[in-house]
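Reading through the C-alpha cells given below for one structure.
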Amino acid sequence: MLGLLQRRRTLLLSLLMLFLAFAMLFAGRDESSRSIFLQRALLEVVGPFQKGLTKGARFVTGIFEHYLNLVHVKEENQVLREIIEELKRERIQLLEQRVENERLRSLLGFREGFEKPLLPAEVIGNDVSGWFQTLVIDRGQRDGIQEGMAVITVRGVVGQIMESSRNFARVLLITDPNSSVAALVQNTRAPGIVEGSSQKRCILKYLLQSETVQQGDLILSSGMDGIYPKGLPIGTVSGTDKRDVQLFQNVQVEPLVDFQKLEEVFVLYRHPSETEESAP
Amino acid sequence: MNYVVFFLMGMLGAILQSTMFRGGVLHAFTPDTTLLFVIYAATSLSFSRGLLLSFALGLLADLFSGAPEGWNTSYLTLIFMLGKGIQARVFFRGPRAAVGILLLALALKVPFFAILAPMARISFPIQKQTLGVWLGEITATLLLMPVVLYVLSRTMGQESASHPKGKQHAS
C-alpha cells in the first residue's frame, strides 16, 4: 500500500492541490467561510511596502515632471543657472503647495457638507491582476473602517470597503462587475441599478423602457441600497441600449471619478448598528 | 532556502506590480508576474516543489488582487501541471518550452476564467474591454519574461530540471 502511494505520489499530490484550489473557490462563495484572516494578514504585511513604494514612485514622478524637464530649458552660465534652478525649485514647491492647498480646501468643504463623518484615506495600491477592480487604502479597522462602508471623492462615488485589516483596507470599485449601486437619473428621477462592466465603465440596469434618457444625463446614487447616501454623483450617460423586446433598457454610464488617478478618497463612516440594519 | 527566496521574490513582484502599474498607459500593460514564476517552476524545478510553489503563488495572487481564493490558485496549479505534462511529451526544453507554455497559459487564461466564473458565482463578462486587458497582459508578460527568467535562474542557481527528482518526474 505504502509502495503504491510512493509510486503514485506525483498523481496524488496533483489531485490534492487541485482539490484544495477548487475547494477554496467553491467554499469562498459563502462569504462567512472566506479566509478573512489570510486576507487581513496579507494586507497588514504588504500594506507598508505598498505605501512606501507608492510614495517613492510619486516622489520620482514629481521630480521628473516638475524639475528634470526644466533643467535643460536654457544654456546659461553656471552661476546664473544654479540661481535660476534654485528659484524655480522654490517656485515649484510654492505652486505645489498652492495647488495642494486648493485641493485640501475643496476636500475640507466637501467633507463638511456631510452629516456623517468622512475619513480621508490615501490610495496605496491596486489590483495586481488587472482583472478585478480594487484599490488598497491606508486606513483600517483601527480607524473604524468596516466592510460595506462607502468610499467617495469630491467627484463622486468610488466604491465600497470589501475587506479591512488593522491598518489597511481593500475597496471594491463601482466599475467591477461584482459591484452594484442603487441609482437614479437626475432629470427624470427614474430608478435603476448601476453595475460595473469593465475597467472604465458601468451599466445602469433595470431602467424601464418607457423612461427617456439622454447622453450626458447625470446618474446619482438613490440611497436605496443602504450603503451610499442619496444624491452622490456616479457618472454621466454615454449611450443607451433600447430594444423593444426587452422589459428594461441598459444605459452605459461613464463614471465621473478617474479611478486610475485617484490619490485620496473619503470613507463614509457608518455606525455598526446601521450596517446590521441595512444587511439583507 | 532557495524556495523561500523564490516565494519572497514572487511576493515582491506582486507588490511592485500593484504599485508601479497604477494609472495611465502602464495600467493597460499589467504583466502577470506570478505566471512567469510558475512558468519558471514548470521548466526548471522538480514536480512536487514546483507544484507547491505554484499553489502558494496562486494563493498570493488571489489575496493581492481581491479575487476569490482559488481563482488564480486553480489556474496557476493547472498551468504548472500542464507545463510539466507538455515537457514530458514534447521534445521542447529550456527557453523554447518556457515561451510555448507561457503563450498557451496566456491564451487559456480568459476561457478558463470564463468557465470558472459561473461555477464560483462570480461576474466575469467577456467584452471588448476584456480583450484589451488580455492583449495588454500578454504583451507585458512576454516583454517581462526574459528579465524574470534570467533573474530567477541566477537566484535559484543549479536547482533545475537536472535535479534527479525533476528529471524523473519530467520523464
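Following the order of the C-alpha cells, chains are lettered A, B, ..., residues in each are numbered from 1, and ligands are numbered from 1.
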> Any idea which chain B residues end up within 8 Å of chain A if we count only C-alpha atoms, as number ranges by chain please?
Replying inline: B: 14-20, 22-24, 27, 30-32, 47-48, 51-52, 55, 61, 63-71, 73-74, 77-78, 81, 119-125, 129-130, 133, 169
Okay, now the selection with N, CA and C atoms, as a compact mmCIF listing (two decimals), in the first residue's frame?
# COMPACT_ATOMS: atom_id res chain seq x y z
N ALA B 14 4.68 40.89 -6.98
CA ALA B 14 3.27 41.27 -6.85
C ALA B 14 3.13 42.67 -6.24
N ILE B 15 3.99 42.98 -5.25
CA ILE B 15 3.94 44.31 -4.62
C ILE B 15 4.30 45.38 -5.64
N LEU B 16 5.38 45.14 -6.39
CA LEU B 16 5.80 46.11 -7.41
C LEU B 16 4.69 46.30 -8.45
N GLN B 17 4.07 45.17 -8.81
CA GLN B 17 3.01 45.23 -9.82
C GLN B 17 1.82 46.04 -9.32
N SER B 18 1.51 45.91 -8.04
CA SER B 18 0.33 46.61 -7.51
C SER B 18 0.58 48.10 -7.32
N THR B 19 1.86 48.52 -7.30
CA THR B 19 2.14 49.94 -7.09
C THR B 19 2.65 50.65 -8.33
N MET B 20 3.41 49.92 -9.16
CA MET B 20 4.05 50.56 -10.31
C MET B 20 3.14 50.65 -11.54
N ARG B 22 0.02 51.53 -11.78
CA ARG B 22 -1.20 52.27 -11.48
C ARG B 22 -1.32 53.44 -12.43
N GLY B 23 -2.46 53.52 -13.06
CA GLY B 23 -2.77 54.71 -13.85
C GLY B 23 -2.11 54.77 -15.21
N GLY B 24 -2.75 55.51 -16.11
CA GLY B 24 -2.20 55.81 -17.43
C GLY B 24 -1.97 54.60 -18.31
N HIS B 27 -1.12 50.97 -16.88
CA HIS B 27 -2.17 50.11 -16.33
C HIS B 27 -2.72 49.16 -17.40
N THR B 30 -0.42 45.58 -17.74
CA THR B 30 -0.06 44.97 -16.46
C THR B 30 0.35 43.53 -16.69
N PRO B 31 1.62 43.19 -16.41
CA PRO B 31 2.04 41.80 -16.64
C PRO B 31 1.55 40.86 -15.54
N ASP B 32 1.55 39.58 -15.82
CA ASP B 32 1.21 38.58 -14.81
C ASP B 32 2.53 37.99 -14.31
N PHE B 47 8.95 18.40 -9.66
CA PHE B 47 7.49 18.43 -9.72
C PHE B 47 6.85 18.84 -8.39
N SER B 48 7.20 18.13 -7.32
CA SER B 48 6.49 18.37 -6.05
C SER B 48 6.76 19.78 -5.52
N LEU B 51 5.08 22.35 -7.78
CA LEU B 51 3.62 22.33 -7.61
C LEU B 51 3.21 23.10 -6.35
N LEU B 52 3.91 22.85 -5.27
CA LEU B 52 3.60 23.54 -4.01
C LEU B 52 3.84 25.05 -4.15
N PHE B 55 1.06 26.60 -6.25
CA PHE B 55 -0.14 26.72 -5.43
C PHE B 55 -0.03 27.94 -4.52
N ALA B 61 -1.49 35.54 -5.35
CA ALA B 61 -2.11 36.38 -6.38
C ALA B 61 -3.57 36.65 -6.05
N LEU B 63 -4.93 36.74 -3.03
CA LEU B 63 -5.01 37.65 -1.89
C LEU B 63 -4.63 39.07 -2.30
N PHE B 64 -3.72 39.20 -3.25
CA PHE B 64 -3.30 40.52 -3.71
C PHE B 64 -4.34 41.19 -4.59
N SER B 65 -5.03 40.41 -5.37
CA SER B 65 -5.90 41.01 -6.39
C SER B 65 -7.33 41.20 -5.90
N GLY B 66 -7.68 40.69 -4.74
CA GLY B 66 -9.06 40.80 -4.28
C GLY B 66 -9.94 39.77 -4.96
N ALA B 67 -9.33 38.84 -5.69
CA ALA B 67 -10.10 37.76 -6.33
C ALA B 67 -10.45 36.72 -5.27
N PRO B 68 -11.52 35.94 -5.50
CA PRO B 68 -11.83 34.90 -4.52
C PRO B 68 -10.71 33.88 -4.45
N GLU B 69 -10.44 33.39 -3.23
CA GLU B 69 -9.34 32.42 -3.10
C GLU B 69 -9.66 31.18 -3.92
N GLY B 70 -8.67 30.75 -4.67
CA GLY B 70 -8.86 29.58 -5.53
C GLY B 70 -8.91 29.97 -6.99
N TRP B 71 -9.20 31.25 -7.25
CA TRP B 71 -9.36 31.75 -8.63
C TRP B 71 -8.02 31.61 -9.38
N THR B 73 -5.30 30.44 -7.90
CA THR B 73 -4.64 29.24 -7.39
C THR B 73 -4.91 28.05 -8.31
N SER B 74 -6.18 27.87 -8.69
CA SER B 74 -6.50 26.73 -9.56
C SER B 74 -5.87 26.92 -10.94
N THR B 77 -1.98 26.40 -10.66
CA THR B 77 -1.67 24.99 -10.38
C THR B 77 -1.85 24.16 -11.65
N LEU B 78 -2.94 24.43 -12.37
CA LEU B 78 -3.20 23.69 -13.61
C LEU B 78 -2.13 24.00 -14.67
N MET B 81 0.98 22.08 -13.94
CA MET B 81 0.84 20.66 -14.31
C MET B 81 0.85 20.49 -15.83
N MET B 119 -19.36 28.91 -12.11
CA MET B 119 -19.29 27.87 -11.07
C MET B 119 -19.01 28.49 -9.70
N ALA B 120 -18.21 29.56 -9.71
CA ALA B 120 -17.88 30.22 -8.44
C ALA B 120 -18.82 31.40 -8.16
N ARG B 121 -19.83 31.55 -8.99
CA ARG B 121 -20.81 32.65 -8.87
C ARG B 121 -20.13 34.02 -8.85
N ILE B 122 -19.24 34.20 -9.80
CA ILE B 122 -18.53 35.48 -9.94
C ILE B 122 -18.88 36.06 -11.28
N SER B 123 -19.04 37.37 -11.32
CA SER B 123 -19.32 38.02 -12.60
C SER B 123 -18.01 38.25 -13.35
N PHE B 124 -17.90 37.67 -14.53
CA PHE B 124 -16.68 37.84 -15.34
C PHE B 124 -17.10 38.01 -16.80
N PRO B 125 -17.64 39.20 -17.14
CA PRO B 125 -18.16 39.37 -18.50
C PRO B 125 -17.05 39.45 -19.55
N GLN B 129 -13.52 45.33 -23.74
CA GLN B 129 -12.50 45.77 -22.77
C GLN B 129 -11.70 44.58 -22.22
N THR B 130 -12.40 43.44 -22.07
CA THR B 130 -11.72 42.24 -21.56
C THR B 130 -10.59 41.86 -22.52
N VAL B 133 -7.64 44.18 -21.99
CA VAL B 133 -6.85 43.81 -20.80
C VAL B 133 -6.01 42.57 -21.11
N HIS B 169 10.46 12.99 -12.76
CA HIS B 169 9.05 13.35 -12.97
C HIS B 169 8.79 13.84 -14.37
>> I need the strand (DSSP E) residues of stretch 38-259 of chain A per DSSP on the backbone, written as a PyMOL selection string.
In response: chain A and resi 118-126+134-137+150-152+157-164+169-173+180-185+191-196+202-208+218-221+233-241+248-255
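Nearest residue to A:Arg142 among A:Glu264, A:Glu44, A:Asp244, A:Glu102 is A:Glu44, counting only C-alpha atoms.
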> Would you give me, as a PyMOL selection string, the residues in stretch 79-138 of chain B that DSSP reads as helix (DSSP H, G or I)?
Replying inline: chain B and resi 79-89+94-119+128-138
> Which residue out of B:Leu142, B:Leu8, B:Leu60, B:Ile79 has the minimum interatomic distance to B:Ile39 when only C-alpha atoms are used?
Replying inline: B:Ile79
> Distance atom CA of A:Pro120-atom CA of A:Val267, one decimal place?
Replying inline: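 A separation of 6.4 Å between them.
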> Can you list, as a list in words, every protein, DNA or RNA residue that comes within 10 Å of A:Leu208 when you count only C-alpha atoms, leaving out same-chain residues fewer than 3 positions away?
Replying inline: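 So, after excluding close chain neighbours, the residues are Ala190, Pro191, Gly192, Lys205, Glu211, Thr212, Lys242, Gln246, Leu247, Phe248, Gln249 and Asn250 of chain A.
With only C-alpha atoms taken into account, the protein and nucleic acid residues at most 9 Å from B:Thr155 (excluding it and anything under 2 positions from it in its own chain) are Asn2, Val5, Phe6, Tyr150, Val151, Leu152, Ser153 and Gly157 of chain B.
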Which residues, written as a short mmCIF file (atom, residue, chain, number, x, y, z; two decimals) with C-alpha atoms, in the first residue's frame, have at least one atom at most 8 Å from A:Leu268, with only C-alpha atoms counted and residues fewer than 5 positions away on the same chain left out?
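Output (part33.cif):
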data_model
loop_
_atom_site.label_atom_id
_atom_site.label_comp_id
_atom_site.auth_asym_id
_atom_site.auth_seq_id
_atom_site.Cartn_x
_atom_site.Cartn_y
_atom_site.Cartn_z
CA LYS A 116 -21.90 61.57 8.76
CA PRO A 117 -18.18 61.86 9.41
CA LEU A 118 -15.83 61.29 6.50
CA LEU A 119 -12.42 59.75 6.97
CA MET A 149 -18.69 51.33 4.13
CA ALA A 150 -18.99 53.67 1.16
CA VAL A 151 -15.88 55.23 -0.37
CA ILE A 152 -16.29 58.54 -2.20
#
